[in-house]
Amino acid sequence: MSPRYIDDATREAREEEMMQAALNIIARDGVSGLTIDKVVTLVPYSKGTVYNTFSCKEDLLTALCNRSVTRLSDIFFRAASFDGNSREKMLAIGIGYMLHSQLNPTEFMMVISAKTPSVTEKSSQKRQEEHKELETQLLGKLLGIISEGLATGDLNLAPHLSPAQVAFSLWAMSFGTIALLQENVERCGVRQQMSLENELLNHANLVLDGHQWKPYTPDHDWHASVQRMKETVFAKEVEALESQWTELA
């Protein structure tokens, strides 16, 4: 008997169901607690079907990371379309990243797990190639804003830095600030009284001022810019977060 044909929509829905089950397991048991057997107990598919979709646990982790980066790519696209100057658009990248992490805290940390050798060495080549392509797309959006800043004269690139290095510094700052100040991360010492949004804004301005990207911090109302971002390009994320908070209240 020939195998039953599965159309693309059904295949994608099945894959999504398996990934959501895996995400639920990770949220409860951590990355180390994820197994294919646990996924099988949560979905209406056989172990063989799960393995036909994901070659191993590591392949599933990479797929989760790729799904997160795909969502983030849409956020970066909207950040780059913000009606403002180039520095505001770069700040919007960080604010969008923050909102994404608040809506998807477990997925946000998948980026680190998917880059460890124990995962990359076992994940399928197809998903690894997809991951590289998605990251290239994200970097492209950052580089596009940097190019705009250079073209308008808002940004004067230091001789020892390339646009890619500037993009990396901003991405690393955003990820580090968000990772250390997430609500589900235990805080100690000076971090106890810090607000994620305020510190992300502070750190972004430190980095952007350091790159001599105009307008400088004292010359612009950045809190007003953030509020406008939330009301326009990120209204969907803000509404979803408010809905979550209402349900938890």
# chains A, B, ... in the order shown; residues from 1 in each chain; ligands from 1
$ residues_around --residues "segment 161-168 of chain A" --least-positions-apart "4" --cutoff "10 Å" --atoms "only C-alpha atoms" --output "ChimeraX atom specification"
/A:90,139-147,150,157,172-174,207-208,211
$ write_last_selection --atoms "N, CA, C and O atoms" --output "CSV table (one decimal), in the first residue's frame"
chain,number,residue,atom,x,y,z
A,90,MET,N,15.9,52.1,14.8
A,90,MET,CA,16.8,51.1,15.5
A,90,MET,C,16.3,50.9,16.9
A,90,MET,O,16.4,49.7,17.4
A,139,LEU,N,19.5,40.2,10.2
A,139,LEU,CA,20.7,41.1,10.1
A,139,LEU,C,20.5,42.1,9.0
A,139,LEU,O,20.8,43.2,9.1
A,140,GLY,N,19.9,41.6,7.9
A,140,GLY,CA,19.6,42.5,6.8
A,140,GLY,C,18.7,43.7,7.1
A,140,GLY,O,18.9,44.8,6.7
A,141,LYS,N,17.7,43.4,8.0
A,141,LYS,CA,16.9,44.5,8.5
A,141,LYS,C,17.6,45.6,9.3
A,141,LYS,O,17.4,46.8,9.2
A,142,LEU,N,18.5,45.1,10.2
A,142,LEU,CA,19.4,46.0,10.9
A,142,LEU,C,20.3,46.8,10.0
A,142,LEU,O,20.5,48.0,10.2
A,143,LEU,N,20.9,46.1,9.1
A,143,LEU,CA,21.8,46.8,8.2
A,143,LEU,C,21.1,47.8,7.3
A,143,LEU,O,21.7,48.8,6.9
A,144,GLY,N,19.8,47.5,7.0
A,144,GLY,CA,19.1,48.5,6.2
A,144,GLY,C,18.9,49.8,6.9
A,144,GLY,O,19.0,50.9,6.4
A,145,ILE,N,18.6,49.7,8.2
A,145,ILE,CA,18.4,50.9,9.1
A,145,ILE,C,19.8,51.6,9.2
A,145,ILE,O,19.8,52.9,9.2
A,146,ILE,N,20.8,50.9,9.4
A,146,ILE,CA,22.2,51.5,9.5
A,146,ILE,C,22.5,52.2,8.2
A,146,ILE,O,23.0,53.4,8.2
A,147,SER,N,22.2,51.6,7.0
A,147,SER,CA,22.4,52.3,5.7
A,147,SER,C,21.6,53.6,5.6
A,147,SER,O,22.1,54.6,5.1
A,150,LEU,N,23.3,56.2,7.7
A,150,LEU,CA,24.5,56.7,7.0
A,150,LEU,C,24.1,57.7,5.9
A,150,LEU,O,24.8,58.7,5.6
A,157,LEU,N,29.9,56.4,10.8
A,157,LEU,CA,30.5,55.2,11.2
A,157,LEU,C,31.9,55.4,11.6
A,157,LEU,O,32.7,56.0,10.8
A,172,ALA,N,23.3,42.3,20.4
A,172,ALA,CA,23.8,41.7,21.6
A,172,ALA,C,23.3,42.5,22.8
A,172,ALA,O,22.9,41.9,23.9
A,173,MET,N,23.3,43.8,22.8
A,173,MET,CA,22.8,44.6,23.9
A,173,MET,C,21.4,44.3,24.2
A,173,MET,O,21.0,44.1,25.4
A,174,SER,N,20.5,44.3,23.2
A,174,SER,CA,19.1,44.0,23.4
A,174,SER,C,18.9,42.6,24.0
A,174,SER,O,18.1,42.5,24.9
A,207,VAL,N,24.4,52.8,23.8
A,207,VAL,CA,25.1,52.3,22.6
A,207,VAL,C,25.0,53.2,21.4
A,207,VAL,O,26.0,53.4,20.7
A,208,LEU,N,23.8,53.7,21.2
A,208,LEU,CA,23.6,54.6,20.0
A,208,LEU,C,24.3,55.9,20.2
A,208,LEU,O,24.9,56.4,19.2
A,211,HIS,N,27.8,55.3,19.3
A,211,HIS,CA,28.1,55.2,17.8
A,211,HIS,C,27.9,56.5,17.2
A,211,HIS,O,27.9,56.6,15.9
$ closest_atom_pairs --of "segment 93-166 of chain A" --to "segment 78-86 of chain A" --cutoff "7 Å" --atoms "only C-alpha atoms" --output "Markdown table"
| residue | atom | partner | partner_atom | distance |
| --- | --- | --- | --- | --- |
| A:Ile93 | CA | A:Ala79 | CA | 5.4 |
| A:Gly96 | CA | A:Ala79 | CA | 6.9 |
| A:Ile145 | CA | A:Ser86 | CA | 6.0 |
| A:Glu148 | CA | A:Ser86 | CA | 6.3 |
| A:Gly149 | CA | A:Ser86 | CA | 5.3 |
$ closest_residue --among "A:Met98, A:Ile112, A:Val43, A:Leu206" --to "Lys230 of chain A" --atoms "only C-alpha atoms"
A:Met98
$ residues_around --residues "segment 216-220 of chain A" --least-positions-apart "5" --cutoff "10 Å" --atoms "only C-alpha atoms" --output "ChimeraX atom specification"
/A:87-88,154,202,204-206,208-210,225
$ select_by_dssp --residues "segment 22-243 of chain A" --states "helix (DSSP H, G or I)" --output "ChimeraX atom specification"
/A:22-29,31-33,36-42,47-53,57-80,86-103,105-113,117-120,125-152,163-181,189-193,196-210,217-219,222-231,235-243
$ atom_distance --atom1 "atom CA of Tyr97 of chain A" --atom2 "atom CA of Thr62 of chain A"
19.2 Å
$ residues_around --residues "Ala240 of chain A" --least-positions-apart "6" --cutoff "12 Å" --atoms "only C-alpha atoms" --output "NGL selection string"
:A and (99-100 or 102-104 or 230 or 234 or 246-247)
$ residues_around --residues "Asp59 of chain A" --least-positions-apart "3" --cutoff "8 Å" --atoms "only C-alpha atoms" --output "ChimeraX atom specification"
/A:54-56,62-63,119,122-124,127
$ decode --residues "segment 144-165 of chain A" --atoms "N, CA, C and O atoms" --output "compact mmCIF listing (two decimals), in the first residue's frame"
# COMPACT_ATOMS: atom_id res chain seq x y z
N GLY A 144 19.85 47.52 6.96
CA GLY A 144 19.08 48.48 6.18
C GLY A 144 18.88 49.78 6.93
O GLY A 144 18.97 50.88 6.35
N ILE A 145 18.60 49.69 8.24
CA ILE A 145 18.42 50.90 9.06
C ILE A 145 19.75 51.63 9.21
O ILE A 145 19.81 52.86 9.17
N ILE A 146 20.83 50.89 9.37
CA ILE A 146 22.16 51.50 9.47
C ILE A 146 22.49 52.24 8.17
O ILE A 146 23.00 53.37 8.19
N SER A 147 22.17 51.64 7.03
CA SER A 147 22.40 52.29 5.74
C SER A 147 21.60 53.58 5.64
O SER A 147 22.10 54.59 5.11
N GLU A 148 20.38 53.55 6.15
CA GLU A 148 19.55 54.77 6.13
C GLU A 148 20.19 55.86 6.98
O GLU A 148 20.23 57.03 6.59
N GLY A 149 20.68 55.47 8.18
CA GLY A 149 21.34 56.44 9.04
C GLY A 149 22.57 57.05 8.39
O GLY A 149 22.82 58.27 8.51
N LEU A 150 23.34 56.24 7.69
CA LEU A 150 24.52 56.74 7.00
C LEU A 150 24.14 57.68 5.85
O LEU A 150 24.78 58.72 5.63
N ALA A 151 23.07 57.32 5.15
CA ALA A 151 22.65 58.12 4.00
C ALA A 151 22.12 59.49 4.40
O ALA A 151 22.33 60.49 3.70
N THR A 152 21.44 59.55 5.55
CA THR A 152 20.88 60.82 6.02
C THR A 152 21.88 61.65 6.80
O THR A 152 21.62 62.82 7.10
N GLY A 153 23.01 61.05 7.16
CA GLY A 153 23.99 61.77 7.96
C GLY A 153 23.73 61.69 9.45
O GLY A 153 24.47 62.29 10.25
N ASP A 154 22.69 60.95 9.86
CA ASP A 154 22.43 60.78 11.29
C ASP A 154 23.51 59.93 11.96
O ASP A 154 23.77 60.04 13.16
N LEU A 155 24.13 59.04 11.19
CA LEU A 155 25.16 58.14 11.71
C LEU A 155 26.45 58.33 10.94
O LEU A 155 26.46 58.33 9.71
N ASN A 156 27.53 58.53 11.69
CA ASN A 156 28.86 58.59 11.11
C ASN A 156 29.64 57.39 11.64
O ASN A 156 29.99 57.34 12.82
N LEU A 157 29.87 56.43 10.77
CA LEU A 157 30.49 55.18 11.19
C LEU A 157 31.95 55.40 11.58
O LEU A 157 32.72 56.02 10.83
N ALA A 158 32.33 54.90 12.76
CA ALA A 158 33.72 54.99 13.19
C ALA A 158 34.61 54.19 12.23
O ALA A 158 34.20 53.14 11.73
N PRO A 159 35.81 54.69 11.95
CA PRO A 159 36.68 54.03 10.95
C PRO A 159 36.99 52.57 11.26
O PRO A 159 37.20 51.78 10.34
N HIS A 160 37.00 52.22 12.54
CA HIS A 160 37.38 50.85 12.91
C HIS A 160 36.19 49.90 12.97
O HIS A 160 36.34 48.73 13.31
N LEU A 161 34.98 50.39 12.62
CA LEU A 161 33.78 49.56 12.71
C LEU A 161 33.12 49.39 11.35
O LEU A 161 33.07 50.33 10.54
N SER A 162 32.58 48.21 11.11
CA SER A 162 31.78 47.94 9.92
C SER A 162 30.30 48.02 10.29
O SER A 162 29.95 47.92 11.47
N PRO A 163 29.40 48.19 9.32
CA PRO A 163 27.97 48.17 9.63
C PRO A 163 27.55 46.89 10.35
O PRO A 163 26.70 46.93 11.25
N ALA A 164 28.14 45.75 9.98
CA ALA A 164 27.79 44.49 10.63
C ALA A 164 28.18 44.51 12.11
O ALA A 164 27.45 43.97 12.95
N GLN A 165 29.30 45.13 12.44
CA GLN A 165 29.72 45.21 13.85
C GLN A 165 28.78 46.10 14.64
O GLN A 165 28.47 45.82 15.80
